[in-house]
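What follows is a single structure, written as structure tokens, with notes after it.
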Amino acid sequence: MKSIDYSFAINSYNQAVDIITTCQKRKIFPIIYIKYFMVNGFGPDWIKEFNNLLEQKFSKKKFKLFVDCKKNYALFINLVEQRIDYLKVDAKTETYKKLNQIAKKNNVLINPKFSVLDFSKIKNINLKFKRIFL
């Protein structure tokens, strides 16, 4: 049986903390999904600080980040240099091969197959977890 990896879309730091703590209780490995409009608005330095804040609260082994880059290749290269765990990029096959080579050097996975659960508008995260995983 193949294990299904879930990614949780969030809108704030507090949602990320709630999801990570709830996942720890339920023994699920959380992958935090950050949408493109947030990264494009706040910039790639925001991702770095967001990751640092989460690492201070939890260890790096407790969660991973998954960021959507769409067709912004400069953002993609910047996030690869920051060694974000998973990146989603829309590219043609030629460009994708070149970006994949850059990512392999920095141990970053491109376009993983995750089911993204949108927790960005959910207020009661524990209730939503009960509905999904039971």
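Lettering and numbering for the structure tokens are positional, with chains as A, B, ... in the shown order, residues counted from 1 in each chain, and ligands counted from 1 in the shown order.
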
Long-range neighbours of Ile19 in chain A as a ChimeraX atom specification, 10 Å cut-off, only C-alpha atoms, 2 positions minimum in chain: /A:8-10,13-17,21-25,30-32,63,119,125-126,129

Mind checking DSSP for range 33-75 of chain A and telling me the strand (DSSP E) residues as JSON, numbers by chain? {"A": [33, 34, 64, 65, 66, 67, 68, 69, 70]}

Next, the residues of the selection above should be written as a short mmCIF file (atom, residue, chain, number, x, y, z; two decimals), in the first residue's frame with N, CA, C and O atoms.
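And here's part_29.cif as it stands now:
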```
data_model
loop_
_atom_site.label_atom_id
_atom_site.label_comp_id
_atom_site.auth_asym_id
_atom_site.auth_seq_id
_atom_site.Cartn_x
_atom_site.Cartn_y
_atom_site.Cartn_z
N TYR A 33 2.38 24.07 3.17
CA TYR A 33 2.30 24.59 1.80
C TYR A 33 2.06 26.09 1.84
O TYR A 33 1.13 26.56 2.49
N ILE A 34 2.91 26.83 1.16
CA ILE A 34 2.78 28.29 1.10
C ILE A 34 2.45 28.67 -0.34
O ILE A 34 3.19 28.34 -1.26
N LYS A 64 8.27 20.21 7.16
CA LYS A 64 8.97 20.63 5.95
C LYS A 64 8.12 21.68 5.26
O LYS A 64 6.92 21.76 5.49
N LEU A 65 8.76 22.47 4.40
CA LEU A 65 8.06 23.53 3.68
C LEU A 65 7.91 23.16 2.21
O LEU A 65 8.81 22.57 1.62
N PHE A 66 6.79 23.54 1.65
CA PHE A 66 6.47 23.32 0.24
C PHE A 66 5.97 24.65 -0.31
O PHE A 66 4.94 25.15 0.12
N VAL A 67 6.72 25.25 -1.24
CA VAL A 67 6.41 26.60 -1.73
C VAL A 67 6.09 26.55 -3.21
O VAL A 67 6.78 25.90 -3.99
N ASP A 68 5.04 27.28 -3.59
CA ASP A 68 4.64 27.38 -4.99
C ASP A 68 5.34 28.59 -5.61
O ASP A 68 5.25 29.70 -5.10
N CYS A 69 6.04 28.36 -6.73
CA CYS A 69 6.77 29.44 -7.41
C CYS A 69 6.15 29.84 -8.74
O CYS A 69 6.59 30.81 -9.35
N LYS A 70 5.16 29.09 -9.22
CA LYS A 70 4.54 29.29 -10.55
C LYS A 70 5.62 29.42 -11.62
O LYS A 70 6.42 28.52 -11.77
#
```

Any idea what's packed within 10 Å of Lys113 in chain A, counting only C-alpha atoms, ignoring anything in its chain fewer than 4 positions away? Could you give it as number ranges by chain? A: 4-7, 88

In terms of the shortest atom-to-atom distance over only C-alpha atoms, which of A:Lys92, A:Lys123, A:Lys48, A:Lys98 is closest to Asn11 in chain A?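 Among the listed residues, the smallest separation from Asn11 in chain A belongs to A:Lys123.
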
Could you give me, as a PyMOL selection string, each residue of range 34-117 of chain A that DSSP assigns to alpha helix (DSSP H) when run on this structure's backbone? chain A and resi 36-42+44-57+73-81+93-105

Would you pick out the contacts of Lys71 in chain A at 10 Å or less, using only C-alpha atoms, so that residues sharing its chain but fewer than 3 positions from it are not included, and give the list as a list in words? Tyr36, Asp68, Ala74, Leu75, Phe76, Lys88, Val89, Asp90, Ala91 and Lys92 of chain A

Proximity to Arg26 in chain A - best of A:Phe133, A:Asn106, A:Leu99, A:Asn111, only C-alpha atoms: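 Residue with the minimum atom-to-atom distance to Arg26 in chain A: A:Phe133.
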
Would you compute the distance between CA of Lys62 in chain A and CA of Ser12 in chain A? Give it in Å to one decimal.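 These atoms are spaced 17.9 Å apart.
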
From the list A:Gly43, A:Val108, A:Leu79, A:Asp18, the nearest residue to Lys57 in chain A using only C-alpha atoms is A:Asp18

CA of Asn52 in chain A to CA of Lys128 in chain A, distance in Å rounded to a single decimal: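 If I compute the distance from CA of Asn52 in chain A to CA of Lys128 in chain A, I get 26.9 Å.
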